[in-house]
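Notes follow the structure.
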Amino acid sequence: MPNNDLARLIEAADRLAAGGFTMGADWQAVHEICQRHEGEQPFDWGHALCHRIEGDDWNADYWYRRAGKRRGAGSMADEWSAMRTELSAKAGG
């Protein structure tokens, strides 16, 4: 998995978080990065978060299963914080 795309995912999701996890250009950027890496665990997890933000729980749960994760019970910010820690470790930073 290219670490530069993982770093791009983290940067795009940070912008999405800074904007309050709303639909728009930052959401689209995260979604597109994740779609390019379908089947790779970190990106499938990001894909799940996108669909959770969108309010499509069925689709989000599909991607959580593919990523081997469960939908967070807390806020989007809580989930992104935990996700960011894990993804940063995988990206080497």
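Chain labels follow the order of the structure tokens: the first chain is A, the next B, and so on; residue numbering restarts at 1 in every chain, and ligands are counted from 1 in their shown order.
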Please provide as a PyMOL selection string all residues within 10 Å of His31 (chain A), with the sequence filter that same-chain residues fewer than 4 positions apart are discarded (counting only C-alpha atoms). chain A and resi 9+12-13+25-27+35-36+43-44+46-51
Please identify all polymer residues within 12 Å of Glu79 (chain A), counting only C-alpha atoms, omitting same-chain residues fewer than 2 positions from it, and present them as a count of residues only. 25
